[in-house]
Amino acid sequence: MDTSNPAVFVNGELLPMWVGRRVRAVVQVLRTEGGSFLGKSTDDHQLTIKGPIPQHLTTYVEVIGIAESNQSIRGEIFTNFGDNFDIVPYNRLCQLANGEHRSLFI
């Protein structure tokens, strides 16, 4: 596994802390708009995901890419997580990865 450029676990609230850095987020796809899609983060923030969007997206998608602003990510890697995903544990993971256990994740 390549650990030279880690992606920080984020939700909508934490995204602004990492603008310009590599992040990973799970979003619920709301609608696609050409080369981007509108999604909802696990903590209910609306995010714009840009980049080479795959043809087929499930309801929940993990996006790894660069945080471009407080509300947008330029996606590089997209992984379909299916149509049912429990957002509560993922949201807690984001909080742990950016809080007291940060050293374990970055």
# chains A, B, ... in the order shown; residues from 1 in each chain; ligands from 1

call {"tool": "closest_atom_pairs", "arguments": {"of": "segment 4-38 of chain A", "to": "segment 48-52 of chain A", "cutoff": "7 Å", "atoms": "only C-alpha atoms", "output": "Markdown table"}}
result
| residue | atom | partner | partner_atom | distance |
| --- | --- | --- | --- | --- |
| A:Gly35 | CA | A:Gly51 | CA | 6.2 |
| A:Ser36 | CA | A:Lys50 | CA | 4.3 |
| A:Phe37 | CA | A:Ile49 | CA | 5.3 |
| A:Leu38 | CA | A:Thr48 | CA | 4.8 |

call {"tool": "write_last_selection", "arguments": {"atoms": "N, CA and C atoms", "output": "PDB file, in the first residue's frame"}}
result
ATOM      1  N   GLY A  35     -19.872  16.897 -15.944  1.00  0.00           N
ATOM      2  CA  GLY A  35     -18.614  16.390 -15.399  1.00  0.00           C
ATOM      3  C   GLY A  35     -18.525  16.486 -13.890  1.00  0.00           C
ATOM      4  N   SER A  36     -19.658  16.578 -13.218  1.00  0.00           N
ATOM      5  CA  SER A  36     -19.653  16.651 -11.767  1.00  0.00           C
ATOM      6  C   SER A  36     -20.940  16.043 -11.219  1.00  0.00           C
ATOM      7  N   PHE A  37     -20.987  15.886  -9.909  1.00  0.00           N
ATOM      8  CA  PHE A  37     -22.250  15.493  -9.300  1.00  0.00           C
ATOM      9  C   PHE A  37     -22.411  16.188  -7.963  1.00  0.00           C
ATOM     10  N   LEU A  38     -23.643  16.332  -7.584  1.00  0.00           N
ATOM     11  CA  LEU A  38     -24.008  16.938  -6.311  1.00  0.00           C
ATOM     12  C   LEU A  38     -24.254  15.804  -5.335  1.00  0.00           C
TER      13      LEU A  38
END

call {"tool": "atom_distance", "arguments": {"atom1": "atom CA of Ile64 of chain A", "atom2": "atom CA of Gly20 of chain A"}}
result
12.8 Å

call {"tool": "select_by_dssp", "arguments": {"residues": "chain A", "states": "helix (DSSP H, G or I)", "output": "PyMOL selection string"}}
result
chain A and resi 15-18+87-97+102-104

call {"tool": "closest_residue", "arguments": {"among": "A:Arg74, A:Asp83, A:Ala97, A:Lys40", "to": "Arg22 of chain A", "atoms": "only C-alpha atoms"}}
result
A:Arg74

call {"tool": "closest_residue", "arguments": {"among": "A:Gln46, A:Ser4, A:Ser69, A:Ser41", "to": "Tyr90 of chain A", "atoms": "only C-alpha atoms"}}
result
A:Ser41

call {"tool": "select_by_dssp", "arguments": {"residues": "chain A", "states": "strand (DSSP E or B)", "output": "PyMOL selection string"}}
result
chain A and resi 8-9+22-33+36-41+46-50+60-69+72-82

call {"tool": "residues_around", "arguments": {"residues": "Ala7 of chain A", "least_positions_apart": "2", "cutoff": "10 Å", "atoms": "only C-alpha atoms", "output": "list in words"}}
result
Thr3, Ser4, Asn5, Phe9, Val10, Trp18, Arg21, Arg22, Val23, Arg24, Ala25, Ile64, Gly65, Ile66, Phe105 and Ile106 of chain A
